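**Student:** Below is a structure I'd like to ask you about.
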2 protein chains.
Amino acid sequence: MSEARDPRDAVSTTERRRYLDVALALADRSRAVILDHVRRGFGVEVKPDASLVTDADVAAERAVRERAAELTPEAGVVGEELADTGVGNDLVWVVDPIDGTAEFASHMPVYGTIIGLFLDGRPLVGVIDHPELDLRVHAGFGLGAWKGDRRLLLDDLDIAVPDRALRLGLPARIGFTRRSDDGPTFDRVAARFPNFRTLQTCYTHACTALGALDAAMEWNVRPWDLAATRILVEEAGGAYLDLGHFDHPGTGTVCSALFGRPSAVRRVAEAIA
Amino acid sequence: MSEARDPRDAVSTTERRRYLDVALALADRSRAVILDHVRRGFGVEVKPDASLVTDADVAAERAVRERAAELTPEAGVVGEELADTGVGNDLVWVVDPIDGTAEFASHMPVYGTIIGLFLDGRPLVGVIDHPELDLRVHAGFGLGAWKGDRRLLLDDLDIAVPDRALRLGLPARIGFTRRSDDGPTFDRVAARFPNFRTLQTCYTHACTALGALDAAMEWNVRPWDLAATRILVEEAGGAYLDLGHFDHPGTGTVCSALFGRPSAVRRVAEAIA
């Protein structure tokens with residue numbers, strides 16, 4: 001199979017490093033705004049889809065957008081809380097200011113900011129930051145995946161590890177029934193890989209990039225949930241399997257994916273097929 | 001129904017406050033030892049049951065036992081890593097120095113120490129401490145449940161919240177098949193309450209005491225996993241349903257329980273029955 005030319009190859013290492021620095025600066029900004037709201041308190045509202053939004057979500061996304069406009073005026077921005085800008089541009093930031101708003105609103109610490117920059121739809125750089133856990137992972141195309149100054153390298157899963165011991169990040173069953181009728185897919189995966197965890201999205205993806213989970217999957221989630229995942233996992237030497245996307249009425253684009261240590265991804269893919 | 005006399009009523013408030021202070025001191029000691037190992041690094045070994053143990057688990061449990069022997073020589077100690085002492089005493093500490101050793105060994109922050117003191121088998125005080133999250137909850141019989149100086153009070157679950165939205169802490173399916181043949185129980189609960197989370201035990205129980213989960217259950221776990229849970233949840237105004245225990249060959253006593261907001265517990269109990 002001949003592969004289409006990758007537009008990211010035309011971006012110099014210097015430029016990619018700069019975009020990664022911008023992504024880290026955006027995560028810094030988001031973290032500062034969020035922690036300020038934690039200290040001062042914040043309001044919580046219920047969105048039309050029954051999910052929550054807080055003052056901190058909106059303020060963090062606004063701060064990220066302002067900083068992104070200053071540092072990368074050439075890039076559009078798609079975010080969870082505010083209107084899209086420049087989505088036809090070659091470069092587009094995709095941002096979830098607070099993944100895990102329900103946790104955040106309950107004053108629990110496992111939530112985070114997800115930021116990715118895409119060039120013609122391909123991931124160039126990505127960051128997942130957990131402000132209260134002080135846990136951040138970042139990656140850039142051809143620049144590796146990192147936790148601080150520690151390079152992330154995913155060993156393949158030992159063939160001796162049985163399916164029942166494979167550590168899988170699995171969405172709750174409602175993720176398979178809310179926007180499609182895929183409950184049996186959950187049941188099949190949970191029965192074959194019973195040692196799963198159902199954690200916050202951002203934490204699950206960071207765990208997978210760090211090797212603390214062998215693989216993880218998402219089912220019909222919004223694009224910002226996966227904004228940093230592919231670049232993080234692929235730069236760590238893992239595999240990322242795009243399971244497709246569609247336009248869900250009343251929601252918009254929803255995407256599914258499976259990612260992690262290559263042989264773990266192959267095993268879980270068999271159970272989904 | 002006439003209730004058996006509760007031996008805890010014979011313990012003065014002053015004494016109960018003192019035991020709670022001791023529990024907090026033990027949690028402080030455990031946290032200090034664990035964070036010292038995080039800073040200095042630690043060794044990891046695989047136990048005969050294929051689970052992990054680190055130098056930090058053993059050192060934290062030893063430190064807790066030493067401090068407990070100094071401050072409460074009248075109490076026995078049952079812990080995950082070291083031999084039981086004084087289990088025939090009226091008062092017995094039950095300790096899991098690191099719940100979530102696999103997370104801890106992966107340098108992920110969501111793990112914690114669980115400590116409970118029992119009088120003739122009834123919980124007197126309990127603490128769950130997450131050293132890296134700086135998240136601690138504690139409770140004492142008749143003294144309330146607390147996060148720092150904030151009293152925890154669990155509202156009942158709104159009747160308008162449908163089962164599919166109830167936030168349930170649910171063990172992974174392997175928890176229902178490892179020591180019994182109860183996979184169908186998992187399937188039934190997951191289908192009726194699909195908005196579950198499968199988090200670390202200590203974090204799940206803290207979330208439940210804090211109301212960030214509506215209810216949670218454990219299935220055939222060791223006694224130390226539940227050492228602080230009943231007192232935390234009951235003192236917060238929640239319900240705790242003992243689902244029984246038995247002696248599992250090669251493991252020892254395993255226990256099951258369901259706890260959280262009273263009406264949430266009733267709903268989930270129906271699905272288990």
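Scheme for the structure tokens: letters A, B, ... for chains in order shown; per-chain residue numbers from 1; ligand numbers from 1 in order shown.
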Which residues come within 6 Å of stretch 222-226 of chain A, counting only C-alpha atoms, excluding same-chain residues fewer than 4 positions away, as a list in words?

**Tutor:** Val94, Val95, Asp96 and Val254 of chain A

**Student:** Could you give me, as a ChimeraX atom specification, each residue of stretch 73-174 of chain A that DSSP assigns to alpha helix (DSSP H) when run on this structure's backbone?

**Tutor:** /A:101-105

**Student:** Those residues with all heavy atoms, as a PDB file, in the first residue's frame please?

**Tutor:**
```
ATOM      1  N   THR A 101     -15.390  17.676  33.824  1.00  0.00           N
ATOM      2  CA  THR A 101     -16.002  18.798  34.537  1.00  0.00           C
ATOM      3  C   THR A 101     -16.806  18.324  35.756  1.00  0.00           C
ATOM      4  O   THR A 101     -16.817  19.002  36.792  1.00  0.00           O
ATOM      5  CB  THR A 101     -16.904  19.604  33.580  1.00  0.00           C
ATOM      6  OG1 THR A 101     -16.083  20.084  32.504  1.00  0.00           O
ATOM      7  CG2 THR A 101     -17.538  20.794  34.274  1.00  0.00           C
ATOM      8  N   ALA A 102     -17.435  17.156  35.647  1.00  0.00           N
ATOM      9  CA  ALA A 102     -18.221  16.657  36.789  1.00  0.00           C
ATOM     10  C   ALA A 102     -17.292  16.415  37.985  1.00  0.00           C
ATOM     11  O   ALA A 102     -17.632  16.752  39.125  1.00  0.00           O
ATOM     12  CB  ALA A 102     -18.966  15.377  36.412  1.00  0.00           C
ATOM     13  N   GLU A 103     -16.146  15.816  37.739  1.00  0.00           N
ATOM     14  CA  GLU A 103     -15.140  15.618  38.801  1.00  0.00           C
ATOM     15  C   GLU A 103     -14.707  16.969  39.375  1.00  0.00           C
ATOM     16  O   GLU A 103     -14.660  17.173  40.579  1.00  0.00           O
ATOM     17  CB  GLU A 103     -13.887  14.944  38.216  1.00  0.00           C
ATOM     18  CG  GLU A 103     -13.949  13.458  38.125  1.00  0.00           C
ATOM     19  CD  GLU A 103     -13.248  12.796  39.308  1.00  0.00           C
ATOM     20  OE1 GLU A 103     -12.308  13.384  39.861  1.00  0.00           O
ATOM     21  OE2 GLU A 103     -13.660  11.692  39.669  1.00  0.00           O
ATOM     22  N   PHE A 104     -14.353  17.870  38.460  1.00  0.00           N
ATOM     23  CA  PHE A 104     -13.884  19.199  38.866  1.00  0.00           C
ATOM     24  C   PHE A 104     -14.937  19.900  39.715  1.00  0.00           C
ATOM     25  O   PHE A 104     -14.622  20.474  40.771  1.00  0.00           O
ATOM     26  CB  PHE A 104     -13.563  20.009  37.605  1.00  0.00           C
ATOM     27  CG  PHE A 104     -13.124  21.416  37.886  1.00  0.00           C
ATOM     28  CD1 PHE A 104     -11.843  21.674  38.359  1.00  0.00           C
ATOM     29  CD2 PHE A 104     -13.993  22.483  37.686  1.00  0.00           C
ATOM     30  CE1 PHE A 104     -11.443  22.977  38.623  1.00  0.00           C
ATOM     31  CE2 PHE A 104     -13.592  23.783  37.943  1.00  0.00           C
ATOM     32  CZ  PHE A 104     -12.311  24.033  38.412  1.00  0.00           C
ATOM     33  N   ALA A 105     -16.203  19.825  39.263  1.00  0.00           N
ATOM     34  CA  ALA A 105     -17.283  20.500  39.993  1.00  0.00           C
ATOM     35  C   ALA A 105     -17.498  19.866  41.368  1.00  0.00           C
ATOM     36  O   ALA A 105     -17.999  20.524  42.281  1.00  0.00           O
ATOM     37  CB  ALA A 105     -18.573  20.458  39.171  1.00  0.00           C
TER      38      ALA A 105
END
```

**Student:** After a least-squares superposition on chain A using every in-order C-alpha pair, I'd like chain B written out as an mmCIF file with C-alpha atoms, in the first residue's frame.

**Tutor:**
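Listing of result-v2.cif after writing:
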```cif
data_model
loop_
_atom_site.group_PDB
_atom_site.id
_atom_site.type_symbol
_atom_site.label_atom_id
_atom_site.label_comp_id
_atom_site.auth_asym_id
_atom_site.auth_seq_id
_atom_site.Cartn_x
_atom_site.Cartn_y
_atom_site.Cartn_z
ATOM 1 C CA MET B 1 0.746 -0.085 0.193
ATOM 2 C CA SER B 2 2.005 3.345 -0.827
ATOM 3 C CA GLU B 3 1.255 5.953 1.787
ATOM 4 C CA ALA B 4 -0.105 9.396 1.005
ATOM 5 C CA ARG B 5 2.463 12.133 1.496
ATOM 6 C CA ASP B 6 2.431 13.377 5.079
ATOM 7 C CA PRO B 7 2.104 17.172 5.134
ATOM 8 C CA ARG B 8 3.853 17.212 8.514
ATOM 9 C CA ASP B 9 7.137 16.221 6.837
ATOM 10 C CA ALA B 10 7.185 19.693 5.276
ATOM 11 C CA VAL B 11 7.240 21.377 8.698
ATOM 12 C CA SER B 12 10.808 21.937 9.916
ATOM 13 C CA THR B 13 11.970 20.567 13.237
ATOM 14 C CA THR B 14 12.440 24.134 14.426
ATOM 15 C CA GLU B 15 8.823 24.954 13.601
ATOM 16 C CA ARG B 16 7.544 21.776 15.224
ATOM 17 C CA ARG B 17 9.532 22.564 18.361
ATOM 18 C CA ARG B 18 8.023 26.025 18.375
ATOM 19 C CA TYR B 19 4.466 24.647 18.092
ATOM 20 C CA LEU B 20 5.187 22.252 20.940
ATOM 21 C CA ASP B 21 6.436 25.160 23.061
ATOM 22 C CA VAL B 22 3.224 27.020 22.245
ATOM 23 C CA ALA B 23 1.134 23.986 23.267
ATOM 24 C CA LEU B 24 2.983 23.849 26.595
ATOM 25 C CA ALA B 25 2.428 27.589 27.085
ATOM 26 C CA LEU B 26 -1.300 27.114 26.406
ATOM 27 C CA ALA B 27 -1.391 24.293 28.972
ATOM 28 C CA ASP B 28 0.411 26.537 31.484
ATOM 29 C CA ARG B 29 -2.176 29.257 30.899
ATOM 30 C CA SER B 30 -5.081 26.847 31.246
ATOM 31 C CA ARG B 31 -3.624 25.394 34.442
ATOM 32 C CA ALA B 32 -3.154 28.842 35.972
ATOM 33 C CA VAL B 33 -6.750 29.863 35.211
ATOM 34 C CA ILE B 34 -8.154 26.572 36.521
ATOM 35 C CA LEU B 35 -6.151 26.625 39.773
ATOM 36 C CA ASP B 36 -7.166 30.241 40.307
ATOM 37 C CA HIS B 37 -10.814 29.142 40.090
ATOM 38 C CA VAL B 38 -10.134 26.262 42.487
ATOM 39 C CA ARG B 39 -8.781 28.779 45.006
ATOM 40 C CA ARG B 40 -11.489 31.418 44.528
ATOM 41 C CA GLY B 41 -14.507 29.147 43.895
ATOM 42 C CA PHE B 42 -16.615 28.950 40.736
ATOM 43 C CA GLY B 43 -20.177 28.672 39.447
ATOM 44 C CA VAL B 44 -21.599 25.502 37.881
ATOM 45 C CA GLU B 45 -24.333 25.295 35.219
ATOM 46 C CA VAL B 46 -26.095 22.434 33.495
ATOM 47 C CA LYS B 47 -25.757 22.475 29.674
ATOM 48 C CA PRO B 48 -28.648 21.572 27.317
ATOM 49 C CA ASP B 49 -27.153 18.063 26.933
ATOM 50 C CA ALA B 50 -27.348 17.682 30.756
ATOM 51 C CA SER B 51 -23.567 17.791 31.163
ATOM 52 C CA LEU B 52 -21.991 20.439 33.387
ATOM 53 C CA VAL B 53 -19.997 23.539 32.597
ATOM 54 C CA THR B 54 -18.275 25.789 35.122
ATOM 55 C CA ASP B 55 -16.924 29.327 35.018
ATOM 56 C CA ALA B 56 -13.482 27.700 34.984
ATOM 57 C CA ASP B 57 -14.159 25.743 31.752
ATOM 58 C CA VAL B 58 -15.158 28.888 29.908
ATOM 59 C CA ALA B 59 -12.430 31.091 31.408
ATOM 60 C CA ALA B 60 -9.703 28.518 30.692
ATOM 61 C CA GLU B 61 -10.835 28.040 27.101
ATOM 62 C CA ARG B 62 -11.022 31.809 26.583
ATOM 63 C CA ALA B 63 -7.505 32.241 28.001
ATOM 64 C CA VAL B 64 -6.150 29.450 25.773
ATOM 65 C CA ARG B 65 -7.817 30.971 22.700
ATOM 66 C CA GLU B 66 -6.415 34.433 23.436
ATOM 67 C CA ARG B 67 -2.903 33.092 23.903
ATOM 68 C CA ALA B 68 -3.218 30.873 20.803
ATOM 69 C CA ALA B 69 -4.340 33.888 18.720
ATOM 70 C CA GLU B 70 -1.289 35.872 19.911
ATOM 71 C CA LEU B 71 1.268 33.099 19.392
ATOM 72 C CA THR B 72 -0.185 31.304 16.342
ATOM 73 C CA PRO B 73 -2.498 33.708 14.468
ATOM 74 C CA GLU B 74 -2.272 31.317 11.493
ATOM 75 C CA ALA B 75 -4.203 28.585 13.373
ATOM 76 C CA GLY B 76 -7.939 28.109 13.873
ATOM 77 C CA VAL B 77 -9.398 26.862 17.167
ATOM 78 C CA VAL B 78 -12.044 24.238 17.918
ATOM 79 C CA GLY B 79 -12.969 23.924 21.581
ATOM 80 C CA GLU B 80 -15.629 22.364 23.749
ATOM 81 C CA GLU B 81 -17.142 25.539 25.172
ATOM 82 C CA LEU B 82 -16.819 28.410 22.651
ATOM 83 C CA ALA B 83 -17.510 28.947 18.943
ATOM 84 C CA ASP B 84 -15.063 27.565 16.360
ATOM 85 C CA THR B 85 -12.696 29.976 14.599
ATOM 86 C CA GLY B 86 -10.664 29.413 11.430
ATOM 87 C CA VAL B 87 -11.633 25.779 11.029
ATOM 88 C CA GLY B 88 -10.717 25.970 7.318
ATOM 89 C CA ASN B 89 -7.102 26.901 8.135
ATOM 90 C CA ASP B 90 -4.304 24.382 7.538
ATOM 91 C CA LEU B 91 -3.473 24.510 11.246
ATOM 92 C CA VAL B 92 -6.209 24.031 13.848
ATOM 93 C CA TRP B 93 -5.931 23.811 17.616
ATOM 94 C CA VAL B 94 -8.383 21.417 19.268
ATOM 95 C CA VAL B 95 -8.962 22.122 22.961
ATOM 96 C CA ASP B 96 -10.874 20.667 25.876
ATOM 97 C CA PRO B 97 -10.179 23.116 28.705
ATOM 98 C CA ILE B 98 -11.542 20.776 31.414
ATOM 99 C CA ASP B 99 -12.076 17.139 30.597
ATOM 100 C CA GLY B 100 -13.889 15.781 33.643
ATOM 101 C CA THR B 101 -15.997 18.782 34.548
ATOM 102 C CA ALA B 102 -18.214 16.655 36.791
ATOM 103 C CA GLU B 103 -15.134 15.619 38.819
ATOM 104 C CA PHE B 104 -13.867 19.192 38.871
ATOM 105 C CA ALA B 105 -17.268 20.495 40.010
ATOM 106 C CA SER B 106 -17.194 17.895 42.836
ATOM 107 C CA HIS B 107 -13.786 19.259 43.932
ATOM 108 C CA MET B 108 -12.098 15.980 43.011
ATOM 109 C CA PRO B 109 -8.609 16.270 41.489
ATOM 110 C CA VAL B 110 -8.612 13.859 38.525
ATOM 111 C CA TYR B 111 -9.530 16.155 35.612
ATOM 112 C CA GLY B 112 -7.382 17.823 32.979
ATOM 113 C CA THR B 113 -6.811 19.991 29.953
ATOM 114 C CA ILE B 114 -6.387 18.409 26.505
ATOM 115 C CA ILE B 115 -4.711 20.384 23.712
ATOM 116 C CA GLY B 116 -3.738 19.278 20.209
ATOM 117 C CA LEU B 117 -2.593 21.044 17.053
ATOM 118 C CA PHE B 118 -3.530 19.503 13.709
ATOM 119 C CA LEU B 119 -2.080 20.145 10.244
ATOM 120 C CA ASP B 120 -4.547 19.179 7.519
ATOM 121 C CA GLY B 121 -6.169 16.871 10.058
ATOM 122 C CA ARG B 122 -2.935 15.190 11.193
ATOM 123 C CA PRO B 123 -1.688 15.653 14.738
ATOM 124 C CA LEU B 124 1.407 17.829 15.018
ATOM 125 C CA VAL B 125 1.712 18.326 18.803
ATOM 126 C CA GLY B 126 -0.338 17.376 21.871
ATOM 127 C CA VAL B 127 -0.451 17.961 25.614
ATOM 128 C CA ILE B 128 -2.535 16.463 28.417
ATOM 129 C CA ASP B 129 -2.196 18.371 31.668
ATOM 130 C CA HIS B 130 -3.705 17.541 35.075
ATOM 131 C CA PRO B 131 -3.436 20.767 37.101
ATOM 132 C CA GLU B 132 -4.087 19.313 40.566
ATOM 133 C CA LEU B 133 -2.122 16.109 39.960
ATOM 134 C CA ASP B 134 0.823 18.097 38.564
ATOM 135 C CA LEU B 135 0.888 15.393 35.878
ATOM 136 C CA ARG B 136 1.590 16.369 32.283
ATOM 137 C CA VAL B 137 2.544 14.459 29.146
ATOM 138 C CA HIS B 138 3.411 16.056 25.811
ATOM 139 C CA ALA B 139 4.530 15.014 22.348
ATOM 140 C CA GLY B 140 5.421 16.469 18.954
ATOM 141 C CA PHE B 141 5.667 14.891 15.517
ATOM 142 C CA GLY B 142 9.156 13.445 15.251
ATOM 143 C CA LEU B 143 10.046 14.938 18.655
ATOM 144 C CA GLY B 144 9.053 12.045 20.898
ATOM 145 C CA ALA B 145 6.575 11.770 23.776
ATOM 146 C CA TRP B 146 7.598 13.043 27.186
ATOM 147 C CA LYS B 147 6.709 13.382 30.830
ATOM 148 C CA GLY B 148 8.820 16.384 31.775
ATOM 149 C CA ASP B 149 12.334 15.421 30.681
ATOM 150 C CA ARG B 150 11.630 11.660 30.716
ATOM 151 C CA ARG B 151 11.105 10.193 27.266
ATOM 152 C CA LEU B 152 8.141 7.820 27.034
ATOM 153 C CA LEU B 153 8.755 4.507 25.299
ATOM 154 C CA LEU B 154 6.036 1.850 25.246
ATOM 155 C CA ASP B 155 7.389 -1.689 25.311
ATOM 156 C CA ASP B 156 5.199 -4.150 23.523
ATOM 157 C CA LEU B 157 2.967 -6.278 25.735
ATOM 158 C CA ASP B 158 4.573 -9.557 26.771
ATOM 159 C CA ILE B 159 2.898 -12.403 24.897
ATOM 160 C CA ALA B 160 2.770 -14.325 28.207
ATOM 161 C CA VAL B 161 0.306 -11.795 29.677
ATOM 162 C CA PRO B 162 -3.117 -13.410 29.306
ATOM 163 C CA ASP B 163 -6.103 -11.405 28.055
ATOM 164 C CA ARG B 164 -7.615 -11.459 31.540
ATOM 165 C CA ALA B 165 -4.606 -9.541 32.912
ATOM 166 C CA LEU B 166 -4.303 -6.970 30.104
ATOM 167 C CA ARG B 167 -4.816 -3.526 31.636
ATOM 168 C CA LEU B 168 -7.421 -1.833 29.448
ATOM 169 C CA GLY B 169 -8.943 1.642 29.718
ATOM 170 C CA LEU B 170 -12.587 1.024 28.830
ATOM 171 C CA PRO B 171 -15.434 3.560 28.699
ATOM 172 C CA ALA B 172 -18.470 2.896 30.888
ATOM 173 C CA ARG B 173 -21.219 0.912 29.168
ATOM 174 C CA ILE B 174 -23.252 4.111 28.688
ATOM 175 C CA GLY B 175 -20.583 5.253 26.224
ATOM 176 C CA PHE B 176 -21.620 2.370 23.972
ATOM 177 C CA THR B 177 -25.373 3.051 24.189
ATOM 178 C CA ARG B 178 -25.681 6.854 24.426
ATOM 179 C CA ARG B 179 -25.010 7.628 20.762
ATOM 180 C CA SER B 180 -25.280 4.167 19.212
ATOM 181 C CA ASP B 181 -26.623 0.726 20.015
ATOM 182 C CA ASP B 182 -23.329 -1.004 20.803
ATOM 183 C CA GLY B 183 -23.931 -2.396 24.308
ATOM 184 C CA PRO B 184 -22.941 -5.896 23.084
ATOM 185 C CA THR B 185 -19.525 -4.524 22.044
ATOM 186 C CA PHE B 186 -18.946 -3.397 25.632
ATOM 187 C CA ASP B 187 -20.102 -6.783 26.944
ATOM 188 C CA ARG B 188 -17.763 -8.665 24.597
ATOM 189 C CA VAL B 189 -14.725 -6.519 25.403
ATOM 190 C CA ALA B 190 -15.407 -6.557 29.173
ATOM 191 C CA ALA B 191 -15.760 -10.357 29.169
ATOM 192 C CA ARG B 192 -12.514 -10.948 27.252
ATOM 193 C CA PHE B 193 -10.484 -8.204 28.995
ATOM 194 C CA PRO B 194 -12.051 -8.155 32.467
ATOM 195 C CA ASN B 195 -9.133 -6.276 34.093
ATOM 196 C CA PHE B 196 -10.259 -2.906 32.766
ATOM 197 C CA ARG B 197 -10.409 0.529 34.367
ATOM 198 C CA THR B 198 -13.042 3.181 33.709
ATOM 199 C CA LEU B 199 -11.189 6.369 34.568
ATOM 200 C CA GLN B 200 -11.438 9.979 33.448
ATOM 201 C CA THR B 201 -10.630 10.338 29.714
ATOM 202 C CA CYS B 202 -7.563 12.581 30.099
ATOM 203 C CA TYR B 203 -6.122 10.414 32.874
ATOM 204 C CA THR B 204 -6.804 7.229 30.870
ATOM 205 C CA HIS B 205 -4.944 8.581 27.852
ATOM 206 C CA ALA B 206 -2.026 9.801 29.971
ATOM 207 C CA CYS B 207 -1.865 6.377 31.700
ATOM 208 C CA THR B 208 -1.747 4.715 28.281
ATOM 209 C CA ALA B 209 1.053 6.963 26.980
ATOM 210 C CA LEU B 210 2.937 6.246 30.224
ATOM 211 C CA GLY B 211 2.394 2.476 29.979
ATOM 212 C CA ALA B 212 0.339 2.288 33.191
ATOM 213 C CA LEU B 213 -2.467 0.909 31.015
ATOM 214 C CA ASP B 214 -1.622 -1.507 28.188
ATOM 215 C CA ALA B 215 -4.299 -0.103 25.898
ATOM 216 C CA ALA B 216 -7.414 2.059 25.981
ATOM 217 C CA MET B 217 -10.373 2.761 23.781
ATOM 218 C CA GLU B 218 -12.933 5.504 23.273
ATOM 219 C CA TRP B 219 -16.344 5.060 21.700
ATOM 220 C CA ASN B 220 -18.277 7.864 20.005
ATOM 221 C CA VAL B 221 -16.592 10.702 21.885
ATOM 222 C CA ARG B 222 -16.099 14.298 20.744
ATOM 223 C CA PRO B 223 -12.927 15.178 18.761
ATOM 224 C CA TRP B 224 -11.369 17.182 21.624
ATOM 225 C CA ASP B 225 -11.386 14.078 23.852
ATOM 226 C CA LEU B 226 -8.841 12.547 21.452
ATOM 227 C CA ALA B 227 -7.019 15.784 20.537
ATOM 228 C CA ALA B 228 -3.656 14.823 22.067
ATOM 229 C CA THR B 229 -3.900 11.040 22.089
ATOM 230 C CA ARG B 230 -2.682 9.919 18.684
ATOM 231 C CA ILE B 231 0.505 12.000 18.716
ATOM 232 C CA LEU B 232 1.266 10.992 22.325
ATOM 233 C CA VAL B 233 0.815 7.282 21.741
ATOM 234 C CA GLU B 234 2.490 7.114 18.329
ATOM 235 C CA GLU B 235 5.489 9.161 19.472
ATOM 236 C CA ALA B 236 5.828 6.807 22.452
ATOM 237 C CA GLY B 237 6.073 3.875 20.015
ATOM 238 C CA GLY B 238 2.501 2.716 20.514
ATOM 239 C CA ALA B 239 -0.249 1.982 17.994
ATOM 240 C CA TYR B 240 -3.324 4.111 17.330
ATOM 241 C CA LEU B 241 -6.246 2.577 15.475
ATOM 242 C CA ASP B 242 -8.873 4.976 14.160
ATOM 243 C CA LEU B 243 -12.204 3.172 14.553
ATOM 244 C CA GLY B 244 -14.091 5.765 12.519
ATOM 245 C CA HIS B 245 -16.346 8.735 13.076
ATOM 246 C CA PHE B 246 -19.813 9.924 12.109
ATOM 247 C CA ASP B 247 -22.092 12.892 12.524
ATOM 248 C CA HIS B 248 -24.421 12.182 15.425
ATOM 249 C CA PRO B 249 -27.690 14.187 15.220
ATOM 250 C CA GLY B 250 -27.764 16.820 17.949
ATOM 251 C CA THR B 251 -24.164 16.134 18.987
ATOM 252 C CA GLY B 252 -21.940 16.646 15.938
ATOM 253 C CA THR B 253 -18.916 14.595 14.992
ATOM 254 C CA VAL B 254 -18.211 11.628 17.269
ATOM 255 C CA CYS B 255 -15.075 9.472 16.980
ATOM 256 C CA SER B 256 -13.894 6.070 18.176
ATOM 257 C CA ALA B 257 -10.339 4.860 18.633
ATOM 258 C CA LEU B 258 -8.178 2.160 20.197
ATOM 259 C CA PHE B 259 -4.565 2.808 21.217
ATOM 260 C CA GLY B 260 -1.682 1.606 23.335
ATOM 261 C CA ARG B 261 1.043 -1.042 23.178
ATOM 262 C CA PRO B 262 0.909 -2.458 19.619
ATOM 263 C CA SER B 263 0.139 -6.088 20.454
ATOM 264 C CA ALA B 264 -2.403 -5.048 23.100
ATOM 265 C CA VAL B 265 -4.165 -2.943 20.473
ATOM 266 C CA ARG B 266 -4.188 -5.916 18.087
ATOM 267 C CA ARG B 267 -5.715 -8.179 20.729
ATOM 268 C CA VAL B 268 -8.467 -5.739 21.676
ATOM 269 C CA ALA B 269 -9.167 -4.980 17.989
ATOM 270 C CA GLU B 270 -9.962 -8.675 17.483
ATOM 271 C CA ALA B 271 -12.614 -8.519 20.206
ATOM 272 C CA ILE B 272 -14.235 -5.437 18.674
ATOM 273 C CA ALA B 273 -14.282 -6.692 15.078
#
```

**Student:** Give me every strand (DSSP E or B) residue in stretch 42-185 of chain A, going by DSSP on the backbone, as a PyMOL selection string.

**Tutor:** chain A and resi 44-46+52-54+75-79+85+91-99+112-119+122-130+135-140+144-147+150-151+168-169
